[in-house]
>>> print(open('work_5.cif').read())   # mmCIF, C-alpha atoms and all ligand atoms; chains and numbers go by the auth columns
data_query
loop_
_atom_site.group_PDB
_atom_site.id
_atom_site.type_symbol
_atom_site.label_atom_id
_atom_site.label_comp_id
_atom_site.label_asym_id
_atom_site.label_seq_id
_atom_site.Cartn_x
_atom_site.Cartn_y
_atom_site.Cartn_z
_atom_site.B_iso_or_equiv
_atom_site.auth_seq_id
_atom_site.auth_asym_id
ATOM 1 C CA MET A 1 0.000 0.000 0.000 0.00 16 A
ATOM 2 C CA ILE A 2 1.240 3.483 -0.864 0.00 17 A
ATOM 3 C CA ASP A 3 1.059 5.875 2.075 0.00 18 A
ATOM 4 C CA TYR A 4 -1.034 8.663 0.522 0.00 19 A
ATOM 5 C CA PRO A 5 -4.104 10.304 2.100 0.00 20 A
ATOM 6 C CA PRO A 6 -7.469 8.588 1.344 0.00 21 A
ATOM 7 C CA MET A 7 -8.861 9.889 -1.955 0.00 22 A
ATOM 8 C CA LYS A 8 -12.001 9.319 -3.987 0.00 23 A
ATOM 9 C CA ILE A 9 -11.220 6.750 -6.678 0.00 24 A
ATOM 10 C CA LEU A 10 -12.699 7.775 -10.046 0.00 25 A
ATOM 11 C CA LEU A 11 -11.323 4.876 -12.105 0.00 26 A
ATOM 12 C CA THR A 12 -10.051 1.617 -10.657 0.00 27 A
ATOM 13 C CA ASP A 13 -7.115 -0.235 -12.164 0.00 28 A
ATOM 14 C CA ASP A 14 -9.555 -2.780 -13.671 0.00 29 A
ATOM 15 C CA GLN A 15 -11.587 -0.010 -15.304 0.00 30 A
ATOM 16 C CA LEU A 16 -8.400 1.599 -16.629 0.00 31 A
ATOM 17 C CA ARG A 17 -7.241 -1.701 -18.113 0.00 32 A
ATOM 18 C CA GLU A 18 -10.563 -2.222 -19.886 0.00 33 A
ATOM 19 C CA GLY A 19 -10.769 1.366 -21.216 0.00 34 A
ATOM 20 C CA ILE A 20 -7.203 1.276 -22.502 0.00 35 A
ATOM 21 C CA ARG A 21 -7.861 -2.056 -24.197 0.00 36 A
ATOM 22 C CA ARG A 22 -10.876 -0.520 -25.980 0.00 37 A
ATOM 23 C CA MET A 23 -8.808 2.488 -27.060 0.00 38 A
ATOM 24 C CA ALA A 24 -5.979 0.210 -28.240 0.00 39 A
ATOM 25 C CA ASP A 25 -8.470 -1.759 -30.376 0.00 40 A
ATOM 26 C CA ALA A 26 -9.663 1.457 -32.045 0.00 41 A
ATOM 27 C CA ILE A 27 -6.066 2.639 -32.617 0.00 42 A
ATOM 28 C CA GLY A 28 -5.052 -0.761 -33.972 0.00 43 A
ATOM 29 C CA LYS A 29 -7.933 -0.773 -36.473 0.00 44 A
ATOM 30 C CA HIS A 30 -7.130 2.756 -37.597 0.00 45 A
ATOM 31 C CA TYR A 31 -3.402 2.184 -38.239 0.00 46 A
ATOM 32 C CA GLN A 32 -3.415 -1.318 -39.756 0.00 47 A
ATOM 33 C CA HIS A 33 -0.602 -1.594 -42.350 0.00 48 A
ATOM 34 C CA LYS A 34 0.534 2.020 -41.808 0.00 49 A
ATOM 35 C CA PRO A 35 4.010 3.019 -40.561 0.00 50 A
ATOM 36 C CA LEU A 36 3.173 4.232 -37.038 0.00 51 A
ATOM 37 C CA THR A 37 5.274 6.266 -34.604 0.00 52 A
ATOM 38 C CA ILE A 38 3.800 6.707 -31.134 0.00 53 A
ATOM 39 C CA VAL A 39 5.035 9.895 -29.474 0.00 54 A
ATOM 40 C CA GLY A 40 4.513 10.026 -25.710 0.00 55 A
ATOM 41 C CA VAL A 41 4.214 13.424 -24.044 0.00 56 A
ATOM 42 C CA MET A 42 6.369 13.284 -20.930 0.00 57 A
ATOM 43 C CA ILE A 43 6.030 12.900 -18.065 0.00 58 A
ATOM 44 C CA GLY A 44 2.341 12.227 -17.523 0.00 59 A
ATOM 45 C CA SER A 45 1.876 9.767 -20.391 0.00 60 A
ATOM 46 C CA ILE A 46 4.573 7.260 -19.415 0.00 61 A
ATOM 47 C CA VAL A 47 2.321 4.787 -17.601 0.00 62 A
ATOM 48 C CA LEU A 48 -0.316 4.863 -20.347 0.00 63 A
ATOM 49 C CA LEU A 49 2.394 4.625 -23.005 0.00 64 A
ATOM 50 C CA ALA A 50 3.882 1.485 -21.443 0.00 65 A
ATOM 51 C CA ASP A 51 0.490 -0.238 -21.253 0.00 66 A
ATOM 52 C CA LEU A 52 -0.856 0.995 -24.591 0.00 67 A
ATOM 53 C CA ILE A 53 2.075 -0.046 -26.777 0.00 68 A
ATOM 54 C CA ARG A 54 1.943 -3.590 -25.380 0.00 69 A
ATOM 55 C CA LEU A 55 -1.692 -3.851 -26.476 0.00 70 A
ATOM 56 C CA LEU A 56 -0.974 -2.743 -30.032 0.00 71 A
ATOM 57 C CA ASN A 57 -0.338 -5.687 -32.268 0.00 72 A
ATOM 58 C CA LEU A 58 1.313 -3.593 -35.002 0.00 73 A
ATOM 59 C CA PRO A 59 4.876 -2.762 -35.973 0.00 74 A
ATOM 60 C CA LEU A 60 5.512 0.651 -34.414 0.00 75 A
ATOM 61 C CA ARG A 61 8.218 3.006 -33.188 0.00 76 A
ATOM 62 C CA VAL A 62 8.150 4.914 -29.900 0.00 77 A
ATOM 63 C CA GLU A 63 9.455 8.443 -29.367 0.00 78 A
ATOM 64 C CA LEU A 64 9.112 11.047 -26.622 0.00 79 A
ATOM 65 C CA VAL A 65 8.598 14.790 -26.311 0.00 80 A
ATOM 66 C CA GLN A 66 8.375 16.821 -23.149 0.00 81 A
ATOM 67 C CA ALA A 67 5.716 19.422 -22.408 0.00 82 A
ATOM 68 C CA ARG A 68 5.548 21.267 -19.120 0.00 83 A
ATOM 69 C CA SER A 69 2.940 23.828 -18.300 0.00 84 A
ATOM 70 C CA TYR A 70 4.451 25.579 -15.344 0.00 85 A
ATOM 71 C CA ARG A 71 1.422 25.006 -13.200 0.00 86 A
ATOM 72 C CA ASN A 72 0.940 26.917 -10.024 0.00 87 A
ATOM 73 C CA GLY A 73 -0.566 23.954 -8.183 0.00 88 A
ATOM 74 C CA THR A 74 -3.532 23.053 -10.373 0.00 89 A
ATOM 75 C CA ARG A 75 -3.758 26.184 -12.534 0.00 90 A
ATOM 76 C CA PRO A 76 -2.145 26.043 -15.973 0.00 91 A
ATOM 77 C CA GLY A 77 0.753 28.420 -16.622 0.00 92 A
ATOM 78 C CA PRO A 78 3.034 29.076 -19.625 0.00 93 A
ATOM 79 C CA LEU A 79 3.748 26.005 -21.705 0.00 94 A
ATOM 80 C CA VAL A 80 7.304 24.889 -22.500 0.00 95 A
ATOM 81 C CA ILE A 81 7.715 22.208 -25.170 0.00 96 A
ATOM 82 C CA ASN A 82 10.937 20.319 -25.744 0.00 97 A
ATOM 83 C CA THR A 83 11.039 18.274 -28.945 0.00 98 A
ATOM 84 C CA GLU A 84 14.794 17.616 -28.793 0.00 99 A
ATOM 85 C CA LEU A 85 14.224 13.984 -27.816 0.00 100 A
ATOM 86 C CA LEU A 86 12.200 13.422 -30.964 0.00 101 A
ATOM 87 C CA SER A 87 14.123 12.086 -33.916 0.00 102 A
ATOM 88 C CA THR A 88 13.512 13.787 -37.234 0.00 103 A
ATOM 89 C CA LYS A 89 12.675 10.394 -38.715 0.00 104 A
ATOM 90 C CA VAL A 90 8.909 10.911 -38.562 0.00 105 A
ATOM 91 C CA ARG A 91 8.867 12.106 -42.175 0.00 106 A
ATOM 92 C CA GLY A 92 6.436 9.888 -44.081 0.00 107 A
ATOM 93 C CA ARG A 93 5.242 8.153 -40.915 0.00 108 A
ATOM 94 C CA HIS A 94 1.896 8.400 -39.144 0.00 109 A
ATOM 95 C CA VAL A 95 2.374 10.034 -35.741 0.00 110 A
ATOM 96 C CA LEU A 96 0.091 9.361 -32.784 0.00 111 A
ATOM 97 C CA LEU A 97 0.687 11.801 -29.921 0.00 112 A
ATOM 98 C CA VAL A 98 -0.178 10.160 -26.590 0.00 113 A
ATOM 99 C CA ASP A 99 -0.882 12.254 -23.504 0.00 114 A
ATOM 100 C CA ASP A 100 -2.361 11.584 -20.088 0.00 115 A
ATOM 101 C CA ILE A 101 -5.168 14.150 -20.086 0.00 116 A
ATOM 102 C CA PHE A 102 -6.825 16.675 -22.370 0.00 117 A
ATOM 103 C CA ASP A 103 -7.711 19.589 -20.121 0.00 118 A
ATOM 104 C CA THR A 104 -7.633 23.000 -21.835 0.00 119 A
ATOM 105 C CA GLY A 105 -6.158 21.235 -24.882 0.00 120 A
ATOM 106 C CA ARG A 106 -3.349 23.788 -25.200 0.00 121 A
ATOM 107 C CA THR A 107 -0.543 21.223 -24.903 0.00 122 A
ATOM 108 C CA LEU A 108 -1.644 19.089 -27.864 0.00 123 A
ATOM 109 C CA TRP A 109 -2.834 22.134 -29.820 0.00 124 A
ATOM 110 C CA GLU A 110 0.646 23.674 -29.579 0.00 125 A
ATOM 111 C CA LEU A 111 2.498 20.402 -30.119 0.00 126 A
ATOM 112 C CA ILE A 112 0.761 19.399 -33.356 0.00 127 A
ATOM 113 C CA PRO A 113 2.250 22.191 -35.565 0.00 128 A
ATOM 114 C CA GLN A 114 5.726 21.461 -34.157 0.00 129 A
ATOM 115 C CA ILE A 115 5.407 17.788 -35.138 0.00 130 A
ATOM 116 C CA ASP A 116 3.926 18.802 -38.484 0.00 131 A
ATOM 117 C CA GLU A 117 7.125 20.697 -39.310 0.00 132 A
ATOM 118 C CA LEU A 118 8.959 17.355 -39.338 0.00 133 A
ATOM 119 C CA GLY A 119 6.868 16.178 -42.302 0.00 134 A
ATOM 120 C CA PRO A 120 4.840 13.235 -40.967 0.00 135 A
ATOM 121 C CA GLU A 121 2.172 11.609 -43.108 0.00 136 A
ATOM 122 C CA SER A 122 -0.443 12.408 -40.427 0.00 137 A
ATOM 123 C CA VAL A 123 -0.671 13.552 -36.792 0.00 138 A
ATOM 124 C CA ARG A 124 -3.380 12.280 -34.485 0.00 139 A
ATOM 125 C CA THR A 125 -3.855 12.328 -30.724 0.00 140 A
ATOM 126 C CA ALA A 126 -4.816 9.823 -28.043 0.00 141 A
ATOM 127 C CA VAL A 127 -5.435 10.577 -24.359 0.00 142 A
ATOM 128 C CA LEU A 128 -6.354 8.531 -21.339 0.00 143 A
ATOM 129 C CA LEU A 129 -8.684 11.198 -19.955 0.00 144 A
ATOM 130 C CA GLN A 130 -10.669 14.090 -21.379 0.00 145 A
ATOM 131 C CA LYS A 131 -11.837 16.648 -18.820 0.00 146 A
ATOM 132 C CA GLN A 132 -15.350 17.783 -19.547 0.00 147 A
ATOM 133 C CA GLY A 133 -16.112 21.446 -20.127 0.00 148 A
ATOM 134 C CA CYS A 134 -12.484 22.657 -20.061 0.00 149 A
ATOM 135 C CA CYS A 135 -11.488 22.761 -23.741 0.00 150 A
ATOM 136 C CA GLU A 136 -10.072 26.133 -24.899 0.00 151 A
ATOM 137 C CA VAL A 137 -8.914 25.129 -28.397 0.00 152 A
ATOM 138 C CA LYS A 138 -10.486 24.184 -31.731 0.00 153 A
ATOM 139 C CA MET A 139 -9.683 20.480 -31.608 0.00 154 A
ATOM 140 C CA LYS A 140 -10.690 17.295 -29.819 0.00 155 A
ATOM 141 C CA PRO A 141 -8.451 14.285 -29.266 0.00 156 A
ATOM 142 C CA ASP A 142 -8.970 11.525 -31.846 0.00 157 A
ATOM 143 C CA PHE A 143 -8.881 8.677 -29.310 0.00 158 A
ATOM 144 C CA VAL A 144 -10.125 9.034 -25.708 0.00 159 A
ATOM 145 C CA ALA A 145 -10.278 6.237 -23.136 0.00 160 A
ATOM 146 C CA PHE A 146 -12.425 8.067 -20.537 0.00 161 A
ATOM 147 C CA ASP A 147 -14.256 11.348 -19.990 0.00 162 A
ATOM 148 C CA VAL A 148 -13.856 12.744 -16.476 0.00 163 A
ATOM 149 C CA PRO A 149 -15.655 15.602 -14.727 0.00 164 A
ATOM 150 C CA LYS A 150 -13.920 18.887 -13.918 0.00 165 A
ATOM 151 C CA GLY A 151 -11.597 18.581 -10.937 0.00 166 A
ATOM 152 C CA PHE A 152 -7.952 17.729 -10.383 0.00 167 A
ATOM 153 C CA VAL A 153 -7.121 14.067 -10.846 0.00 168 A
ATOM 154 C CA VAL A 154 -3.967 12.113 -10.036 0.00 169 A
ATOM 155 C CA GLY A 155 -2.521 8.645 -10.483 0.00 170 A
ATOM 156 C CA TYR A 156 -1.565 6.383 -13.377 0.00 171 A
ATOM 157 C CA GLY A 157 1.083 8.921 -14.466 0.00 172 A
ATOM 158 C CA LEU A 158 -0.778 12.102 -13.530 0.00 173 A
ATOM 159 C CA ASP A 159 0.774 14.168 -10.769 0.00 174 A
ATOM 160 C CA TYR A 160 0.183 16.969 -8.345 0.00 175 A
ATOM 161 C CA ASN A 161 3.485 18.719 -7.600 0.00 176 A
ATOM 162 C CA ASP A 162 5.327 15.635 -8.965 0.00 177 A
ATOM 163 C CA GLN A 163 3.584 13.241 -6.596 0.00 178 A
ATOM 164 C CA TYR A 164 0.976 10.465 -7.032 0.00 179 A
ATOM 165 C CA ARG A 165 2.139 9.316 -10.506 0.00 180 A
ATOM 166 C CA ASN A 166 2.616 5.806 -9.113 0.00 181 A
ATOM 167 C CA LEU A 167 -1.002 5.261 -8.014 0.00 182 A
ATOM 168 C CA PRO A 168 -2.449 2.346 -10.026 0.00 183 A
ATOM 169 C CA HIS A 169 -5.859 4.087 -10.255 0.00 184 A
ATOM 170 C CA ILE A 170 -7.195 7.578 -11.035 0.00 185 A
ATOM 171 C CA ALA A 171 -8.195 9.528 -7.915 0.00 186 A
ATOM 172 C CA LEU A 172 -9.762 12.915 -7.373 0.00 187 A
ATOM 173 C CA LEU A 173 -7.602 15.280 -5.361 0.00 188 A
ATOM 174 C CA GLU A 174 -9.787 17.347 -3.021 0.00 189 A
ATOM 175 C CA PRO A 175 -8.720 20.955 -2.317 0.00 190 A
ATOM 176 C CA GLN A 176 -7.734 20.179 1.279 0.00 191 A
ATOM 177 C CA GLU A 177 -5.508 17.299 0.099 0.00 192 A
ATOM 178 C CA MET A 178 -3.682 19.703 -2.200 0.00 193 A
ATOM 179 C CA GLU A 179 -2.915 21.977 0.733 0.00 194 A
ATOM 180 C CA GLU A 180 -1.715 19.046 2.819 0.00 195 A
ATOM 181 C CA THR A 181 0.548 17.554 0.131 0.00 196 A
ATOM 182 C CA PRO A 182 4.158 18.169 1.224 0.00 197 A
HETATM 183 P P1 LIG B . -3.878 21.030 -21.226 0.00 1 B
HETATM 184 O O1 LIG B . -2.744 21.616 -22.009 0.00 1 B
HETATM 185 O O2 LIG B . -4.620 22.088 -20.442 0.00 1 B
HETATM 186 O O3 LIG B . -4.805 20.156 -22.021 0.00 1 B
HETATM 187 O O4 LIG B . -3.264 20.165 -20.089 0.00 1 B
HETATM 188 C C1 LIG B . -2.518 19.136 -20.377 0.00 1 B
HETATM 189 C C2 LIG B . -1.507 18.841 -19.305 0.00 1 B
HETATM 190 O O5 LIG B . -1.794 19.427 -18.022 0.00 1 B
HETATM 191 C C3 LIG B . -1.573 17.363 -19.103 0.00 1 B
HETATM 192 O O6 LIG B . -0.628 16.728 -19.944 0.00 1 B
HETATM 193 C C4 LIG B . -1.231 17.203 -17.646 0.00 1 B
HETATM 194 O O7 LIG B . 0.172 17.106 -17.534 0.00 1 B
HETATM 195 C C5 LIG B . -1.674 18.470 -16.994 0.00 1 B
HETATM 196 N N1 LIG B . -2.998 18.334 -16.326 0.00 1 B
HETATM 197 C C6 LIG B . -4.172 18.860 -16.723 0.00 1 B
HETATM 198 N N2 LIG B . -5.171 18.515 -15.883 0.00 1 B
HETATM 199 C C7 LIG B . -4.611 17.720 -14.945 0.00 1 B
HETATM 200 C C8 LIG B . -5.140 17.021 -13.789 0.00 1 B
HETATM 201 O O8 LIG B . -6.339 17.028 -13.455 0.00 1 B
HETATM 202 N N3 LIG B . -4.237 16.310 -13.068 0.00 1 B
HETATM 203 C C9 LIG B . -2.912 16.234 -13.376 0.00 1 B
HETATM 204 N N4 LIG B . -2.389 16.872 -14.442 0.00 1 B
HETATM 205 C C10 LIG B . -3.225 17.613 -15.220 0.00 1 B
HETATM 206 MG MG MG B . 1.339 16.558 -19.347 0.00 2 B
#
>>> encode(input="work_5.cif", output="structure tokens")
Amino acid sequence: MIDYPPMKILLTDDQLREGIRRMADAIGKHYQHKPLTIVGVMIGSIVLLADLIRLLNLPLRVELVQARSYRNGTRPGPLVINTELLSTKVRGRHVLLVDDIFDTGRTLWELIPQIDELGPESVRTAVLLQKQGCCEVKMKPDFVAFDVPKGFVVGYGLDYNDQYRNLPHIALLEPQEMEETP
């Protein structure tokens, strides 16, 4: 047991497994016979990335980019994107950007044109969670495992102040728990 305060569980590990399997099926059908490069958005996507790629029965490559919105606690701040980890070999390949959560949408919205500059055949997006009623951009993710209500969620890769990424489920962080987090 991990010694974190008790939190409301929104998605259990069983529910996550099932939802990710459904999303993997849809991704697999979409990319059959196409040269696919999965690009994980660090750090939040790493747990999803590890599970998702093992469910995809396709030849694929894996790459990483880093996006940090310098959040003040739970509020989004300026976004810094680092694509240096990404090889330029996505030309002619189909890119699937994988992130943990689509909140305002600004991260993926700003990442897509930067990937596009590298000349991929297509760029699509897949997220574990889509927060309802928060979108501030003119796009929606192409593949979504779960919709979640507004609120700050942690676990399965998602953090609050760099903590909770190792929870095997998705939990809702209540305001008082945010204050108490060291
Ligand atoms: P967006 O750019 O507003 O869509 O936010 C995307 C990024 O913000 C995600 O990749 C997460 O890293 C982070 N984020 C947004 N909402 C949450 C949340 O509820 N919990 C943890 N991280 C979040
Ligand atoms: Mg992120």
>>> closest_residue(input="work_5.cif", among="A:Arg37, A:Arg83, A:Lys153, A:Lys165", to="ligand MG 2 (chain B)", atoms="only C-alpha atoms and all ligand atoms")
A:Arg83
>>> residues_around(input="work_5.cif", residues="Lys44 of chain A", least_positions_apart="4", cutoff="12 Å", atoms="only C-alpha atoms", output="list in words")
Arg37, Met38, Ala39, Asp40, His48, Lys49, Leu71, Asn72, Leu73 and Phe158 of chain A
>>> resolve_selection(input="work_5.cif", expression="the PyMOL selection byres (((chain A and resi 174) around 12) and not hetatm)", output="PyMOL selection string")
chain A and resi 57-62+83+86+88-89+115-116+167-173+175-182+185-188+193+196
>>> write_last_selection(input="work_5.cif", atoms="C-alpha atoms", output="CSV table (one decimal), in the frame of the given file")
chain,number,residue,atom,x,y,z
A,57,MET,CA,6.4,13.3,-20.9
A,58,ILE,CA,6.0,12.9,-18.1
A,59,GLY,CA,2.3,12.2,-17.5
A,60,SER,CA,1.9,9.8,-20.4
A,61,ILE,CA,4.6,7.3,-19.4
A,62,VAL,CA,2.3,4.8,-17.6
A,83,ARG,CA,5.5,21.3,-19.1
A,86,ARG,CA,1.4,25.0,-13.2
A,88,GLY,CA,-0.6,24.0,-8.2
A,89,THR,CA,-3.5,23.1,-10.4
A,115,ASP,CA,-2.4,11.6,-20.1
A,116,ILE,CA,-5.2,14.2,-20.1
A,167,PHE,CA,-8.0,17.7,-10.4
A,168,VAL,CA,-7.1,14.1,-10.8
A,169,VAL,CA,-4.0,12.1,-10.0
A,170,GLY,CA,-2.5,8.6,-10.5
A,171,TYR,CA,-1.6,6.4,-13.4
A,172,GLY,CA,1.1,8.9,-14.5
A,173,LEU,CA,-0.8,12.1,-13.5
A,175,TYR,CA,0.2,17.0,-8.3
A,176,ASN,CA,3.5,18.7,-7.6
A,177,ASP,CA,5.3,15.6,-9.0
A,178,GLN,CA,3.6,13.2,-6.6
A,179,TYR,CA,1.0,10.5,-7.0
A,180,ARG,CA,2.1,9.3,-10.5
A,181,ASN,CA,2.6,5.8,-9.1
A,182,LEU,CA,-1.0,5.3,-8.0
A,185,ILE,CA,-7.2,7.6,-11.0
A,186,ALA,CA,-8.2,9.5,-7.9
A,187,LEU,CA,-9.8,12.9,-7.4
A,188,LEU,CA,-7.6,15.3,-5.4
A,193,MET,CA,-3.7,19.7,-2.2
A,196,THR,CA,0.5,17.6,0.1
>>> residues_around(input="work_5.cif", residues="Gly55 of chain A", least_positions_apart="5", cutoff="7 Å", atoms="only C-alpha atoms", output="list in words")
Ser60, Ile61, Leu64, Glu78, Leu79, Val80, Leu112, Val113 and Asp114 of chain A
>>> closest_residue(input="work_5.cif", among="A:Ile35, A:Val77, A:Leu123, A:Met22", to="ligand MG 2 (chain B)", atoms="only C-alpha atoms and all ligand atoms")
A:Leu123
>>> residues_around(input="work_5.cif", residues="Leu94 of chain A", least_positions_apart="6", cutoff="8 Å", atoms="only C-alpha atoms", output="list in words")
Ala82, Arg83, Ser84, Tyr85 and Thr122 of chain A
>>> closest_residue(input="work_5.cif", among="A:Leu101, A:Val110, A:Leu75, A:Ile42", to="Pro135 of chain A", atoms="only C-alpha atoms")
A:Val110
>>> resolve_selection(input="work_5.cif", expression="the PyMOL selection byres (((chain A and resi 34) around 12) and not hetatm)", output="number ranges by chain")
A: 26-33, 35-41, 63, 66-67, 70, 142-144, 158-162
>>> write_last_selection(input="work_5.cif", atoms="C-alpha atoms", output="mmCIF file, in the coordinates of the input")
data_model
loop_
_atom_site.group_PDB
_atom_site.id
_atom_site.type_symbol
_atom_site.label_atom_id
_atom_site.label_comp_id
_atom_site.auth_asym_id
_atom_site.auth_seq_id
_atom_site.Cartn_x
_atom_site.Cartn_y
_atom_site.Cartn_z
ATOM 1 C CA LEU A 26 -11.323 4.876 -12.105
ATOM 2 C CA THR A 27 -10.051 1.617 -10.657
ATOM 3 C CA ASP A 28 -7.115 -0.235 -12.164
ATOM 4 C CA ASP A 29 -9.555 -2.780 -13.671
ATOM 5 C CA GLN A 30 -11.587 -0.010 -15.304
ATOM 6 C CA LEU A 31 -8.400 1.599 -16.629
ATOM 7 C CA ARG A 32 -7.241 -1.701 -18.113
ATOM 8 C CA GLU A 33 -10.563 -2.222 -19.886
ATOM 9 C CA ILE A 35 -7.203 1.276 -22.502
ATOM 10 C CA ARG A 36 -7.861 -2.056 -24.197
ATOM 11 C CA ARG A 37 -10.876 -0.520 -25.980
ATOM 12 C CA MET A 38 -8.808 2.488 -27.060
ATOM 13 C CA ALA A 39 -5.979 0.210 -28.240
ATOM 14 C CA ASP A 40 -8.470 -1.759 -30.376
ATOM 15 C CA ALA A 41 -9.663 1.457 -32.045
ATOM 16 C CA LEU A 63 -0.316 4.863 -20.347
ATOM 17 C CA ASP A 66 0.490 -0.238 -21.253
ATOM 18 C CA LEU A 67 -0.856 0.995 -24.591
ATOM 19 C CA LEU A 70 -1.692 -3.851 -26.476
ATOM 20 C CA VAL A 142 -5.435 10.577 -24.359
ATOM 21 C CA LEU A 143 -6.354 8.531 -21.339
ATOM 22 C CA LEU A 144 -8.684 11.198 -19.955
ATOM 23 C CA PHE A 158 -8.881 8.677 -29.310
ATOM 24 C CA VAL A 159 -10.125 9.034 -25.708
ATOM 25 C CA ALA A 160 -10.278 6.237 -23.136
ATOM 26 C CA PHE A 161 -12.425 8.067 -20.537
ATOM 27 C CA ASP A 162 -14.256 11.348 -19.990
#
>>> closest_residue(input="work_5.cif", among="A:Gly120, A:Pro50, A:Gly43, A:Pro21", to="ligand MG 2 (chain B)", atoms="all atoms listed in the file")
A:Gly120
>>> atom_distance(input="work_5.cif", atom1="atom N2 of ligand LIG 1 (chain B)", atom2="atom CA of Lys146 of chain A")
7.5 Å
>>> residues_around(input="work_5.cif", residues="His109 of chain A", least_positions_apart="2", cutoff="10 Å", atoms="all atoms listed in the file", output="list in words")
Tyr46, Lys49, Pro50, Leu51, Thr52, Ile53, Leu75, Val105, Arg106, Gly107, Leu111, Leu112, Gly134, Pro135, Glu136, Ser137, Val138 and Arg139 of chain A
>>> closest_residue(input="work_5.cif", among="A:Val56, A:Leu126, A:Ile68, A:Ala141", to="Lys155 of chain A", atoms="all atoms listed in the file")
A:Ala141
>>> closest_residue(input="work_5.cif", among="A:His45, A:Gln147, A:Pro156, A:Thr103", to="Asp131 of chain A", atoms="all atoms listed in the file")
A:Thr103
>>> atom_distance(input="work_5.cif", atom1="atom N4 of ligand LIG 1 (chain B)", atom2="atom CA of Asp118 of chain A")
8.2 Å
>>> atom_distance(input="work_5.cif", atom1="atom CA of Gln81 of chain A", atom2="atom CA of Leu133 of chain A")
16.2 Å
